[in-house]
Every structure is written in structure tokens, then in C-alpha cells.
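First the structure, in the form of C-alpha cells, and then the observations on it.
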Amino acid sequence: VKVDREERPDVDQIYMDASLKLNGQGGWPLNAICTPDGRPFFVGTYFPPERRGEQPGFPEVIEAISKVWREQRDQVEENAGQIADALRARPEGEAASVAGHETIQRAARLVMQGADAAHGGFGQAPKFPTPTNLEFLTAALDFVPQEEASGIARFLALTAREMSRRGLYDQIGGGFHRYCVDASWTIPHFEKMLYDQGQLLSFFAELARRAHDASDLLWPIRETVEYLRREMRASNGAFFASQDADSEGEEGKYFVWTPEQIAAALDDEADRFCTTYGVRLAGNFEHGTTQLVDEARAPRDELASSRARLLAVRQQRIAPATDRKHVAAWNGYTIAGLARAACVLDDPAVLDDARRAADFVLGEMVDAKGRLQRVHNEGRGHVHGFLDDHAAMLHACLDLQRAGAGDAYLGEARRLADALLAHFADREAGILYLTADDGDPLIHRPRSDHDGATPDASGLALLGLVRLAALAEDHALEDFVDRAIAEHALFLERAAHAFPTLLRAVALRTRGVSVTVVVGDPEDPVTRTLADRARRVLRPEDAVVVVAPGATPPAEVAPSWLAGREAVDGRPTAYVCLGTACSLPVQEPSALVAELVPTSSS
């Protein structure tokens, strides 16, 4: 049975976990041989059609397993039971301390041990962008000593530059490929995944927010937004899942160039373009072709017209196929990325892109009972939503409201949080499950407890719940978050760096959520300018609330945030608050700065 893990991550999670426990590694394709009730007893990845040296062929594997099943079935059943028990087991013991400031510092140092100081990113080949690590390190900048933070910041800037200037990035059409087969980001696996675009938009936007000079960070954001609009957006506003690597039966054929093709398209500019983007006679890819790499690192507006002409030529080629289904979680990552991009670009049109996608997911990807669905394809939604769908859309709704898309998204965030807690949480134990309590029965109810190409769903859910709890001053929510973090304490003590998204929730819970309240007529340009300034200078998980004088705040905003907050002298006025402490009234946008939480110098 071939399982689409985009539609059924729960099934994939169970058998991938089995592979990790039995073999020490996962992989694709995943082949799990199970008892009739679904318990695996043999798990492997790729087997060739015929034996290759010591590696048996698939028919040979099946024949051997069939013989064991016939002749030693009792032993197989016993082994399957032990494997199923192991999948459900949690490590024994108690953590020595509560996860907090020191945990974040330790994890950041462990993550940085895998950093490639020459090319950016982590490890060698194959090299993935790993946005979950990048976003965690960005958050950790506020928790490590200044000298260490400077080193991490330089590494993050290097990584962003190398990913966007080299072959991981589509220099002609925008957007990021899935990974590179080499350490220097030169030759990608040409597939493009929606979840990468969304997460990397968030990473680049936050790096740009923090940067003194963001010019080399903003153009990848703009171009990736244009790519999403042009190739990945449906007429309904939601975004497609992915684009293939292959066209006409060859990987990368759509994307690569020869010097002759460049010359035919660009005439007099061809030589300069080839020098800039490393197009040589021998090529760097197959059949003398070249995947473009920006070797000159010139300002991006140089050769912009040449890139546009090549894009027009490329669009005449046979394009890779697009997987046109909408996945709720992946749209959630992208909505959040667009909302954050809109703030750093100061571009309302980008926020409109995010709003349209969210409105489709929240309006059309729900069943008759109002439950979020995982997938929308060929005009209909199906498959009950999983924890990652709810977590990603919760995060997206909070980011939309923060970016100025409207307070109605706070109500949507609250509904998603309530559904998440009602159907995915054991509130007393602090446990979050990947599947809903009324989901399909499998051999066990899996948790999502590690980050991969997408964020750990539990960590992302907790990050969203911390934000919502702070804004609403919901102590029951805060208590659940604390229980959930404590429930992971042993994992965080033993291998904190393996949980970067959960650590972002720990970081936010540790430092607290800042809330900027702007009191003024929402249509007043000064009110807007103050709010935009707050969105620009506060950290992305902090909140911005705009309320007209005397108006009732949204139900999800605790009245205490507005107590005593007035429009001084009738002019729009902002207050930056953290816990019970608030700044003096601010009426000049340039005077509005984020209140920094003191961090340890050790």
C-alpha cells in the first residue's frame, strides 16, 4: 500500500518511527511489512529489483519474509508486539531542571556545532535549508552573550546569503528548491515545496527586521512572493503543495541553461550574464548545462531585465508538473511567512495575499461540523486535520492579526486553539497527539515530537498557545503550556537541539510576550504609523493591538492590557507592555522601541 504522507502524516509517522527504532535511520521509499492488524515487524527503505552485491532484491526480501511468516509466525507476532510497545514507550526518568534560559543557550551551542562556517547551513551533502534550526537560532540571539550572539548572527546572514545567491535559489523565477546535493549550495534537487517557501519567508523576514542593512535580505522575499503568486497560487487564493523536479523525463531540464541558450535570448548582454551567473561551456550540471549561481554577488537590480527576459524564454519550455492540492498546514506556514514579509516590506498587497489564502482555508477547508480539514483537492476537502494543520493555522491567524489584517483573526485563532485542546491534547498530562481523539484507529496514537522539513507540530502548537494565552491572560492555557514543556523536559535535557521549534516556545514563555497597545482612531494616519512601527520593531511573536478611544477590545484581548491606556491629549498614543510593566506613552513613532528582556551574561 502506497501512502501519501502529505495526506496521512500519522501513518507515515508511525512507520518512520519504526524504521528509526529498528534501523537507526529512516528514508524513502519506506517499506514496512506488517501483521494484518498493522504492527510492523520488518522495515526497510529501498530494495533494488534484483540483488546488487550484498543488497538483496525486493522479490528476494518478500520471499524470505513469506517463509518466516509461514514457519515462525508466533515469533513474528511476538516481535511485532514488542515493536509496537517500543513505539508507544517514552523514556524513563526525571529531568534535573526546568527548561528555560540555560536550555536555550545549550541547544544553540549544540546546533552551532553542526554549522558550516564556509557555506552556511548545517552539515555537508546533501544540504537542506532546515528553517526550523534557523528560526530557533534567530530567537536564541536574545539569550546568549553578546559576543556569541554576534557570531550566530554572522552565521545566519552567511546562510541567508549563500542560500539565496547560489543554486538552492531559482535565480530566474524566484523561490527555493528542496535541497542541494553538495555542501556549497550549487546543484539542487529541483523540486519546490510550499512549506519551504513559507518557512524561509519567515526566516528572511525576521533576519531583515533585525538587520542594520536588510537590502540583501529583502529581494529574496520579494521574488519568492512573486513566484508564489505566479506559479503556486490558485484562483481561490490558496497555495498549491509543490512542483516536481522533472520535466520531459529529466530532472532540472526546465531550470538549466547552456551558453548558446543565453546568447540566443540576451544578445549583447549574454557574456556579462554568463560571467555573473557562472554559465560556462562545460556546465556544472548534466549534458553541459548550468544551474545558475550568482557568483558576482552584485546588487540585485543589476541584470534584472536579463533575468526577466530569460524567465519569459523559460516559460515557453515544458514546465514541471504542479501538485495542485492545498494542504492546510503548508498554507499556514506560507500565510505566516507572507504576513511577516508584509511587515518588513511595508507592502499591504502581500498582506492581502496572506489574507486570501487564510480565508480560503478557514472558509472552505472545514467540514459540516466546522472541523478543519487537512487537504482540499479537485474542488473538495477531505481527511480530518492533524495537529500540525491546527498549529500552523493558529500561528498564521495570530500573525495576520499582528500584521494588521484584522482582529477577526484573533477569533479564528481562539477557535483553532479550542479545537486543538479539545481533540489533540491530554490537558492533565500535558500531552499533544498528532491525531485527533476521533481519528482513524491505528496501532497507536502517534505524537509529533521532532522537527524535520516542517516544524514539530507540538512545538508550533505550544508557541501559538503561549502567544494567545498572553494576549488573553488565559492562565489555564499557560498552565497547559507549562505542563507540556515539563512533559518534554527529559528530552530537552538529553538532546535539546533536536527540538528547535519547541525551544522557541520555551524561549517565548521564558522572556514573555510583549504587547503594544495603540490607542487611536484606526483610520488616523498617525495611528497606522505607530502600529506599523510596532510591527517593525517588536519580535514576531509579540502582539500589536489597535483600539479606538473608548472602544471595546476584541474578546481575545484581556481588558487589563487597556486599563489606564489613553490617547494623551486626544492624539494617537502607544504603550509597549510586558507583564505588568509598560513604557511611558509614545506619540512619536521613532520613539517606539521594543522593551528588551534582560538576559544573562553567562
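Labels used: A, B, ... for chains in the order of the C-alpha cells, numbers from 1 for residues in each chain, and numbers from 1 for ligands as shown.
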Self-check item: Residue contacts of Pro188 in chain A (12 Å, only C-alpha atoms) excluding same-chain residues fewer than 5 positions away, as a ChimeraX atom specification
Solution: /A:125-129,163,166-170,176-183,245,251-252,255-256,284-285,290-293
Quiz item: Counting only C-alpha atoms, what is within 12 Å of Ala263 in chain A, bar same-chain residues fewer than 4 positions away, as a list in words?
Solution: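 Using only C-alpha atoms, the neighbours found are Trp257, Thr258, Pro259, Asp267, Asp268, Glu269, Ala270, Asp271, Arg272, Phe273, Cys274, Val279, Arg280, Ser306, Arg309, Leu310 and Val313 of chain A.
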Practice problem: Tell me which protein, DNA and RNA residues are within 8 Å of range 519-534 of chain A, counting only C-alpha atoms, leaving out same-chain ones fewer than 6 positions away, and put them as an MDAnalysis selection string. | Solution: chainID A and resid 343 544:549 565:567 571:574 587:590 592:594
Grab the residues selected above and save them as a PDB file, in the first residue's frame with N, CA and C atoms.
```
ATOM      1  N   CYS A 343       5.122  42.957   6.739  1.00  0.00           N
ATOM      2  CA  CYS A 343       5.569  43.941   7.727  1.00  0.00           C
ATOM      3  C   CYS A 343       6.932  44.520   7.378  1.00  0.00           C
ATOM      4  N   VAL A 544       0.455  43.202  18.707  1.00  0.00           N
ATOM      5  CA  VAL A 544       0.135  44.605  18.456  1.00  0.00           C
ATOM      6  C   VAL A 544      -1.384  44.712  18.407  1.00  0.00           C
ATOM      7  N   VAL A 545      -1.935  45.578  19.250  1.00  0.00           N
ATOM      8  CA  VAL A 545      -3.381  45.757  19.334  1.00  0.00           C
ATOM      9  C   VAL A 545      -3.695  47.234  19.108  1.00  0.00           C
ATOM     10  N   VAL A 546      -4.607  47.506  18.194  1.00  0.00           N
ATOM     11  CA  VAL A 546      -5.041  48.873  17.906  1.00  0.00           C
ATOM     12  C   VAL A 546      -6.494  49.011  18.351  1.00  0.00           C
ATOM     13  N   VAL A 547      -6.766  50.003  19.207  1.00  0.00           N
ATOM     14  CA  VAL A 547      -8.115  50.193  19.742  1.00  0.00           C
ATOM     15  C   VAL A 547      -8.458  51.678  19.695  1.00  0.00           C
ATOM     16  N   ALA A 548      -9.646  51.981  19.197  1.00  0.00           N
ATOM     17  CA  ALA A 548     -10.116  53.365  19.207  1.00  0.00           C
ATOM     18  C   ALA A 548     -10.434  53.784  20.638  1.00  0.00           C
ATOM     19  N   PRO A 549     -10.252  55.053  20.977  1.00  0.00           N
ATOM     20  CA  PRO A 549     -10.561  55.513  22.346  1.00  0.00           C
ATOM     21  C   PRO A 549     -11.996  55.158  22.734  1.00  0.00           C
ATOM     22  N   ARG A 565      -4.812  52.971  29.654  1.00  0.00           N
ATOM     23  CA  ARG A 565      -4.169  53.366  28.401  1.00  0.00           C
ATOM     24  C   ARG A 565      -5.087  54.359  27.690  1.00  0.00           C
ATOM     25  N   GLU A 566      -4.633  55.556  27.522  1.00  0.00           N
ATOM     26  CA  GLU A 566      -5.462  56.601  26.942  1.00  0.00           C
ATOM     27  C   GLU A 566      -4.741  57.284  25.789  1.00  0.00           C
ATOM     28  N   ALA A 567      -5.520  57.902  24.935  1.00  0.00           N
ATOM     29  CA  ALA A 567      -4.959  58.752  23.880  1.00  0.00           C
ATOM     30  C   ALA A 567      -4.643  60.102  24.516  1.00  0.00           C
ATOM     31  N   ARG A 571      -4.488  62.586  21.083  1.00  0.00           N
ATOM     32  CA  ARG A 571      -3.636  62.154  19.961  1.00  0.00           C
ATOM     33  C   ARG A 571      -3.360  60.664  20.064  1.00  0.00           C
ATOM     34  N   PRO A 572      -3.204  59.949  18.928  1.00  0.00           N
ATOM     35  CA  PRO A 572      -2.880  58.524  18.976  1.00  0.00           C
ATOM     36  C   PRO A 572      -1.648  58.283  19.842  1.00  0.00           C
ATOM     37  N   THR A 573      -1.744  57.277  20.708  1.00  0.00           N
ATOM     38  CA  THR A 573      -0.700  57.028  21.703  1.00  0.00           C
ATOM     39  C   THR A 573      -0.454  55.532  21.804  1.00  0.00           C
ATOM     40  N   ALA A 574       0.810  55.162  21.904  1.00  0.00           N
ATOM     41  CA  ALA A 574       1.182  53.749  22.010  1.00  0.00           C
ATOM     42  C   ALA A 574       1.823  53.469  23.361  1.00  0.00           C
ATOM     43  N   GLN A 587       4.093  58.908  21.393  1.00  0.00           N
ATOM     44  CA  GLN A 587       3.299  59.502  20.321  1.00  0.00           C
ATOM     45  C   GLN A 587       4.117  59.760  19.062  1.00  0.00           C
ATOM     46  N   GLU A 588       5.420  59.722  19.183  1.00  0.00           N
ATOM     47  CA  GLU A 588       6.292  59.840  18.019  1.00  0.00           C
ATOM     48  C   GLU A 588       6.735  58.438  17.607  1.00  0.00           C
ATOM     49  N   PRO A 589       6.433  57.997  16.400  1.00  0.00           N
ATOM     50  CA  PRO A 589       6.783  56.631  16.002  1.00  0.00           C
ATOM     51  C   PRO A 589       8.253  56.281  16.221  1.00  0.00           C
ATOM     52  N   SER A 590       9.154  57.233  15.962  1.00  0.00           N
ATOM     53  CA  SER A 590      10.584  56.936  16.102  1.00  0.00           C
ATOM     54  C   SER A 590      10.971  56.639  17.541  1.00  0.00           C
ATOM     55  N   LEU A 592       9.194  54.767  19.541  1.00  0.00           N
ATOM     56  CA  LEU A 592       8.659  53.456  19.936  1.00  0.00           C
ATOM     57  C   LEU A 592       9.728  52.398  19.700  1.00  0.00           C
ATOM     58  N   VAL A 593      10.187  51.782  20.771  1.00  0.00           N
ATOM     59  CA  VAL A 593      11.200  50.734  20.679  1.00  0.00           C
ATOM     60  C   VAL A 593      10.727  49.528  21.486  1.00  0.00           C
ATOM     61  N   ALA A 594      11.217  48.363  21.114  1.00  0.00           N
ATOM     62  CA  ALA A 594      10.854  47.148  21.827  1.00  0.00           C
ATOM     63  C   ALA A 594      11.491  47.167  23.210  1.00  0.00           C
TER      64      ALA A 594
END
```
Quiz prompt | strand (DSSP E or B) positions in range 199-375 of chain A, given as JSON, numbers by chain | solution = {"A": [233, 239, 242, 243, 246, 247, 250, 251, 257, 290, 322, 323, 326, 327, 366, 372, 373, 374, 375]}
Hey, could you make a per-residue contact list for range 355-411 of chain A against range 466-479 of chain A with 9 Å as the cut-off, showing the nearest pair of atoms and its distance in Å to one decimal, counting only C-alpha atoms, sorted by chain and number, as a Markdown table?
```
| residue | atom | partner | partner_atom | distance |
| --- | --- | --- | --- | --- |
| A:His395 | CA | A:Arg467 | CA | 8.8 |
| A:Leu398 | CA | A:Leu468 | CA | 7.8 |
| A:Leu410 | CA | A:Leu468 | CA | 8.4 |
```
May I have the selected residues written with C-alpha atoms, as a PDB file, in the first residue's frame?
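Output file out18.pdb is given in full below:
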```pdb
ATOM      1  CA  HIS A 395       0.168  30.634  14.172  1.00  0.00           C
ATOM      2  CA  LEU A 398      -2.014  35.358  15.086  1.00  0.00           C
ATOM      3  CA  LEU A 410      -7.974  36.528  16.833  1.00  0.00           C
TER       4      LEU A 410
END
```
